[in-house]
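The structure file entry-v7.txt is reproduced below (compact mmCIF, C-alpha atoms).
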```txt
# COMPACT_ATOMS: atom_id res chain seq x y z
CA MET A 15 5.20 129.00 30.98
CA PRO A 16 3.36 130.52 27.98
CA HIS A 17 2.86 134.28 28.06
CA PHE A 18 -0.79 135.02 27.31
CA LYS A 19 -1.10 138.46 25.77
CA ALA A 20 -4.04 140.15 24.10
CA MET A 21 -2.52 138.76 20.92
CA ASP A 22 -1.20 135.21 21.23
CA PRO A 23 0.28 134.21 17.86
CA ILE A 24 0.92 130.59 18.87
CA LEU A 25 -2.65 130.08 20.03
CA GLU A 26 -3.98 131.81 16.91
CA MET A 27 -1.83 129.57 14.72
CA ARG A 28 -3.07 126.41 16.45
CA TYR A 29 -6.70 127.42 16.12
CA SER A 30 -6.17 128.43 12.49
CA GLU A 31 -4.62 125.07 11.66
CA ILE A 32 -7.65 123.24 13.05
CA LEU A 33 -10.20 125.52 11.36
CA GLY A 34 -8.27 125.35 8.10
CA GLU A 35 -9.05 121.62 7.93
CA ILE A 36 -12.84 121.93 8.28
CA ASP A 37 -15.53 122.82 5.76
CA GLN A 38 -15.08 126.59 5.49
CA SER A 39 -18.82 127.13 5.25
CA PHE A 40 -18.93 126.69 9.04
CA LEU A 41 -17.02 129.97 9.28
CA ASP A 42 -19.55 131.81 7.14
CA HIS A 43 -22.03 133.89 9.14
CA ALA A 44 -24.77 133.70 6.51
CA VAL A 45 -24.50 129.92 6.19
CA ALA A 46 -24.48 129.54 9.98
CA LYS A 47 -27.78 131.38 10.24
CA HIS A 48 -29.30 129.10 7.60
CA ARG A 49 -28.07 126.01 9.50
CA LYS A 50 -29.32 127.47 12.81
CA LEU A 51 -25.83 127.05 14.24
CA SER A 52 -23.60 129.62 15.87
CA MET A 53 -20.09 130.35 14.69
CA PRO A 54 -17.30 128.29 16.34
CA PHE A 55 -16.60 129.45 19.90
CA LEU A 56 -12.88 130.13 20.42
CA VAL A 57 -11.37 130.65 23.86
CA SER A 58 -8.82 133.36 24.61
CA GLY A 59 -6.28 133.09 27.41
CA PRO A 60 -6.22 134.60 30.90
CA ARG A 61 -5.60 138.33 31.16
CA ASP A 62 -2.83 137.94 33.74
CA PRO A 63 -0.06 135.56 32.60
CA ASN A 64 1.27 135.24 36.15
CA ALA A 65 -2.04 134.45 37.85
CA ARG A 66 -3.18 131.01 38.92
CA ARG A 67 -4.92 129.62 35.87
CA ILE A 68 -8.40 128.21 36.45
CA MET A 69 -10.25 126.96 33.38
CA VAL A 70 -14.00 126.58 33.71
CA ILE A 71 -15.66 124.39 31.08
CA GLY A 72 -19.34 125.23 30.98
CA ARG A 73 -22.45 124.39 29.02
CA GLU A 74 -23.23 127.86 27.75
CA TYR A 75 -25.16 128.50 24.59
CA GLY A 76 -24.00 132.00 23.76
CA GLY A 77 -25.60 132.40 20.34
CA ARG A 78 -25.25 136.08 19.49
CA GLY A 79 -22.41 136.48 21.95
CA TRP A 80 -20.31 134.00 19.97
CA ASN A 81 -21.05 135.08 16.42
CA VAL A 82 -18.68 137.19 14.36
CA GLU A 83 -19.25 138.95 11.06
CA HIS A 84 -17.23 136.69 8.82
CA ASN A 85 -18.01 135.68 5.28
CA GLY A 86 -15.21 133.66 3.76
CA GLU A 87 -12.12 135.71 4.62
CA GLY A 88 -10.28 132.57 5.72
CA PRO A 89 -9.49 130.85 9.05
CA ASN A 90 -6.77 133.30 10.16
CA GLU A 91 -9.11 136.28 9.94
CA TYR A 92 -11.85 134.30 11.64
CA VAL A 93 -9.61 133.35 14.57
CA THR A 94 -8.55 136.96 15.16
CA LYS A 95 -12.16 138.17 15.14
CA ALA A 96 -13.45 135.28 17.29
CA LEU A 97 -10.79 135.70 19.99
CA SER A 98 -11.50 139.42 20.20
CA ARG A 99 -15.21 138.62 20.48
CA HIS A 100 -14.54 136.11 23.27
CA ARG A 101 -12.39 138.56 25.25
CA ASP A 102 -14.94 141.36 24.97
CA PHE A 103 -17.84 139.07 25.87
CA PHE A 104 -16.08 137.59 28.91
CA ASN A 105 -14.65 140.88 30.18
CA LYS A 106 -18.07 142.52 30.00
CA ALA A 107 -19.69 139.64 31.89
CA MET A 108 -17.04 139.70 34.61
CA ALA A 109 -17.17 143.49 35.00
CA LYS A 110 -20.90 143.50 35.74
CA ALA A 111 -21.71 145.00 39.13
CA GLY A 112 -23.91 142.85 41.35
CA ARG A 113 -25.50 139.54 40.51
CA ASP A 114 -27.58 138.30 37.63
CA ARG A 115 -31.06 137.23 38.61
CA GLY A 116 -31.10 133.67 39.96
CA ASP A 117 -28.28 131.14 39.77
CA THR A 118 -26.24 131.61 36.62
CA PHE A 119 -22.92 130.58 35.14
CA PHE A 120 -21.49 134.08 35.38
CA ASN A 121 -22.66 134.57 38.95
CA PHE A 122 -20.49 131.52 39.67
CA MET A 123 -17.59 132.92 37.66
CA ARG A 124 -17.67 136.21 39.56
CA ALA A 125 -17.89 134.35 42.88
CA LEU A 126 -14.92 132.25 41.77
CA ALA A 127 -12.92 135.40 41.03
CA ARG A 128 -13.64 136.70 44.53
CA SER A 129 -12.63 133.38 46.08
CA VAL A 130 -9.28 133.23 44.31
CA GLY A 131 -8.63 136.97 44.61
CA SER A 132 -8.77 137.96 40.95
CA ASP A 133 -10.36 137.17 37.60
CA GLY A 134 -7.00 137.60 35.85
CA GLY A 135 -6.28 133.88 35.68
CA LEU A 136 -9.77 132.67 34.79
CA ILE A 137 -10.34 130.98 31.45
CA TYR A 138 -13.93 130.75 30.20
CA SER A 139 -14.36 127.67 28.03
CA ASN A 140 -17.24 125.53 26.85
CA LEU A 141 -17.73 121.83 26.34
CA LEU A 142 -19.31 122.35 22.91
CA CYS A 143 -18.06 124.99 20.51
CA PHE A 144 -21.40 125.57 18.76
CA ASP A 145 -24.91 126.28 19.88
CA SER A 146 -28.12 126.09 17.87
CA GLY A 147 -30.25 129.21 18.09
CA GLY A 148 -29.16 129.78 21.68
CA ARG A 149 -29.81 126.16 22.61
CA SER A 150 -28.04 122.82 22.61
CA PRO A 151 -26.78 121.68 19.19
CA ARG A 152 -27.35 118.01 19.97
CA TYR A 153 -30.37 117.78 17.66
CA SER A 154 -28.51 119.32 14.73
CA GLU A 155 -27.69 117.08 11.78
CA HIS A 156 -24.12 118.34 12.22
CA PHE A 157 -23.75 117.19 15.83
CA SER A 158 -21.07 114.60 15.09
CA PHE A 159 -18.97 117.34 13.52
CA VAL A 160 -19.73 119.67 16.45
CA LYS A 161 -18.40 117.09 18.91
CA ARG A 162 -15.31 116.36 16.86
CA LEU A 163 -14.33 120.01 16.52
CA SER A 164 -15.19 120.75 20.15
CA LYS A 165 -12.82 118.03 21.37
CA GLN A 166 -10.01 119.27 19.12
CA LEU A 167 -10.36 122.81 20.47
CA LEU A 168 -10.53 121.65 24.09
CA ASP A 169 -7.36 119.62 23.61
CA VAL A 170 -5.56 122.70 22.29
CA GLN A 171 -6.80 124.81 25.20
CA LEU A 172 -5.63 122.32 27.82
CA ASP A 173 -2.25 121.90 26.18
CA HIS A 174 -1.67 125.60 25.50
CA PHE A 175 -3.03 127.21 28.68
CA LYS A 176 -1.81 124.43 31.01
CA PRO A 177 -4.39 125.34 33.66
CA ASP A 178 -3.59 124.80 37.33
CA VAL A 179 -7.22 123.81 37.93
CA VAL A 180 -9.99 122.71 35.56
CA ILE A 181 -13.63 122.92 36.64
CA PHE A 182 -16.14 120.94 34.60
CA ALA A 183 -19.38 122.83 35.13
CA ASN A 184 -21.35 121.51 32.19
CA GLY A 185 -23.94 119.68 34.29
CA MET A 186 -26.07 116.67 33.43
CA ASP A 187 -27.40 117.66 30.00
CA THR A 188 -24.02 117.00 28.40
CA VAL A 189 -22.59 114.46 30.83
CA GLY A 190 -22.53 111.85 28.06
CA VAL A 191 -20.48 114.14 25.83
CA ARG A 192 -18.06 114.94 28.66
CA ARG A 193 -17.52 111.23 29.35
CA GLN A 194 -17.05 110.56 25.64
CA PHE A 195 -14.39 113.27 25.48
CA PHE A 196 -12.77 112.33 28.80
CA PRO A 197 -13.65 108.72 29.75
CA ILE A 198 -13.89 107.89 33.46
CA GLU A 199 -13.78 104.11 33.01
CA GLY A 200 -12.65 101.40 30.62
CA ASP A 201 -9.41 100.99 28.69
CA GLY A 202 -9.48 104.60 27.51
CA LYS A 203 -9.94 106.06 31.00
CA VAL A 204 -8.20 109.44 31.39
CA CYS A 205 -9.79 110.55 34.70
CA VAL A 206 -8.10 108.99 37.73
CA SER A 207 -7.66 109.50 41.49
CA MET A 208 -11.33 110.23 42.10
CA ARG A 209 -12.25 111.88 45.39
CA ASN A 210 -15.48 113.20 46.89
CA TRP A 211 -16.53 114.91 50.11
CA GLN A 212 -19.45 112.70 51.05
CA GLU A 213 -18.07 112.36 54.59
CA THR A 214 -18.50 116.13 55.08
CA GLY A 215 -22.10 116.13 53.90
CA ILE A 216 -21.48 117.04 50.25
CA ALA A 217 -23.49 114.64 48.10
CA LYS A 218 -21.30 112.23 46.14
CA ASN A 219 -22.84 113.15 42.79
CA GLN A 220 -22.43 116.89 43.34
CA LEU A 221 -18.67 117.36 43.63
CA TRP A 222 -15.74 115.22 42.48
CA GLU A 223 -12.03 115.85 42.36
CA PHE A 224 -9.87 113.91 39.90
CA GLU A 225 -6.75 114.08 37.76
CA LEU A 226 -7.10 114.40 33.99
CA TYR A 227 -4.34 112.77 31.95
CA GLY A 228 -2.40 112.45 35.19
CA LYS A 229 -1.49 116.15 35.17
CA PHE A 230 -4.54 118.43 35.43
CA LEU A 231 -6.27 118.87 38.81
CA CYS A 232 -9.99 118.82 38.03
CA TYR A 233 -13.31 119.27 39.78
CA ARG A 234 -16.74 118.33 38.50
CA ILE A 235 -19.87 120.15 39.68
CA GLN A 236 -23.38 120.48 38.37
CA HIS A 237 -24.07 123.41 36.08
CA PRO A 238 -24.08 126.62 38.19
CA SER A 239 -27.75 127.16 37.36
CA ALA A 240 -28.67 124.08 39.45
CA ARG A 241 -30.80 125.40 42.31
CA SER A 242 -30.98 122.42 44.67
CA LYS A 243 -29.53 122.81 48.16
CA ALA A 244 -27.08 120.00 47.41
CA ALA A 245 -25.78 121.71 44.26
CA LYS A 246 -25.43 125.06 46.03
CA ALA A 247 -23.58 123.43 48.94
CA ALA A 248 -21.18 121.76 46.49
CA ARG A 249 -20.43 125.04 44.72
CA LYS A 250 -19.82 126.77 48.04
CA HIS A 251 -17.52 123.97 49.17
CA LEU A 252 -15.54 124.12 45.92
CA LEU A 253 -15.06 127.88 46.24
CA GLU A 254 -13.84 127.40 49.80
CA LEU A 255 -11.38 124.70 48.64
CA LEU A 256 -9.97 126.96 45.93
CA SER A 257 -9.73 129.88 48.33
CA GLN A 258 -7.85 127.70 50.82
CA GLN A 259 -5.50 126.51 48.07
CA ARG A 260 -4.76 130.14 47.18
CA ARG A 261 -3.95 131.02 50.78
CA THR A 262 -1.68 128.00 51.13
CA ALA A 263 0.12 128.79 47.86
CA ASN A 264 1.00 132.24 49.21
CA LEU A 265 2.70 130.82 52.30
CA LEU A 266 6.39 130.05 52.69
CA PRO A 267 7.24 126.31 52.44
CA ASP A 268 7.50 125.77 56.22
CA GLN A 269 4.23 127.64 56.75
CA ARG A 270 2.53 125.40 54.19
CA THR A 271 3.61 122.32 56.14
CA ALA A 272 2.17 123.75 59.35
CA ASP A 273 -1.03 124.81 57.60
CA ALA A 274 -1.47 121.32 56.11
CA SER A 275 -0.93 119.73 59.54
CA LEU A 276 -3.60 121.95 61.07
CA SER A 277 -5.97 121.11 58.22
CA ARG A 278 -5.51 117.37 58.74
CA ALA A 279 -6.00 117.79 62.47
CA GLY A 280 -9.29 119.54 61.79
CA GLU A 281 -10.42 116.73 59.49
CA ASN A 282 -9.64 114.13 62.12
CA GLY A 283 -11.38 116.07 64.87
```
What would you get if you wrote out this structure as structure tokens?
Amino acid sequence: MPHFKAMDPILEMRYSEILGEIDQSFLDHAVAKHRKLSMPFLVSGPRDPNARRIMVIGREYGGRGWNVEHNGEGPNEYVTKALSRHRDFFNKAMAKAGRDRGDTFFNFMRALARSVGSDGGLIYSNLLCFDSGGRSPRYSEHFSFVKRLSKQLLDVQLDHFKPDVVIFANGMDTVGVRRQFFPIEGDGKVCVSMRNWQETGIAKNQLWEFELYGKFLCYRIQHPSARSKAAKAARKHLLELLSQQRRTANLLPDQRTADASLSRAGENG
């Protein structure tokens, strides 16, 4: 299992290799401002290497929170600065006391940390690695490049962090991009073993479980800012599922068998 420290030389090397192959002007803060694009968003690892790793892939447009002061020092320097920026940004958001106003991504992240007992294993990722002035980059002339680089970085994150659970929380605005990255049908399908909880009253289009590449346990919800009763019920149900999984994981093997039997009995009742 990889050991995720504040400095992770293998992760930094992998990011640097990818960024070394792109037009270096995308790593230039001044050029980014002119293009109305952010700097590339790079994801650091979980703070606790022994915690259950839960990677949440959102649809956040961080803008200022993603940018780093970088003007042509090269991809290695950029990666170091960007990972430090990501850690500081995420740690500050998670340390906030109380709730943000309304339904927000980080309200969900803090609720997730409470459900699983810690934020040490949480990984804050994003479907797209750029934003445009704090908004979606999909109208940028560089959107094809944005998608290509975003997919490369996501692939590295999945392979390097090897999350126990992946939550796609990017919502409907980028559903087409998510399905392009991770097809759910056709010859290139990589999402299998679909499951929903419609029989328990959770709307079918609000919460799915599936396997990605046959090895990552995944859930798909609407973006955490969705305010409908159905979306809120799905988020609550997912948090309860993850909390139950944590409790079961802490049991001895024979206790897990008994706990699973009781759970099935409850479902059949």
Got a sec: who's within 12 Å of Leu256 of chain A, counting all atoms listed in the file, leaving out chain neighbours fewer than 2 positions off, as a ChimeraX atom specification? /A:66-68,125-131,178-181,223,231-233,249-254,258-263
Find, counting all atoms listed in the file, the residue in A:Ser242, A:Ser52, A:Ser257, A:Ser39 that gets nearest to Ser154 of chain A.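 Between A:Ser242, A:Ser52, A:Ser257, A:Ser39, the residue approaching Ser154 of chain A most closely is A:Ser52.
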Nearby residues (only C-alpha atoms) at most 7 Å from segment 94-105 of chain A, same-chain spacing under 3 positions excluded, as a ChimeraX atom specification: /A:56-58,79-80,82,90-91,108-109
Taking into account all atoms listed in the file, which residue in the set A:Ala46, A:Asp169, A:Phe144, A:Phe120 is nearest to Phe157 of chain A? A:Phe144
Could you tell me how far atom CA of Met123 of chain A sits from atom CA of Arg162 of chain A, in Å to one decimal place? 26.7 Å
If I take atom CA of Thr118 of chain A and atom CA of Asn210 of chain A, how far is one from the other in Å, to one decimal?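 Atom CA of Thr118 of chain A sits 23.7 Å away from atom CA of Asn210 of chain A.
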Proximity to Gly59 of chain A - best of A:Asp114, A:Glu74, A:Glu155, A:Glu26, only C-alpha atoms: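 With only C-alpha atoms as the atom set, the closest residue is A:Glu26.
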Give me, as JSON lines, the closest atom pair and its distance (Å, one decimal) for every residue of segment 67-120 of chain A within a cut-off of 12 Å of segment 190-197 of chain A, counting all atoms listed in the file, rows sorted by chain and rising number.
```
{"residue": "A:Ile71", "atom": "CA", "partner": "A:Arg192", "partner_atom": "CA", "distance": 10.0}
{"residue": "A:Gly72", "atom": "CA", "partner": "A:Arg192", "partner_atom": "CA", "distance": 10.6}
{"residue": "A:Arg73", "atom": "CA", "partner": "A:Arg192", "partner_atom": "CA", "distance": 10.4}
```
Return the single residue from A:Tyr138, A:Tyr75, A:Phe224, A:Phe119 that is closest to His237 of chain A, with distances computed using all atoms listed in the file.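 Result for the nearest residue to His237 of chain A: A:Phe119.
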Of the residues A:Gln212, A:Ser146, A:Asn184, A:Asn140, which is the one nearest to Lys165 of chain A, using only C-alpha atoms?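 Nearest candidate to Lys165 of chain A out of A:Gln212, A:Ser146, A:Asn184, A:Asn140: A:Asn140.
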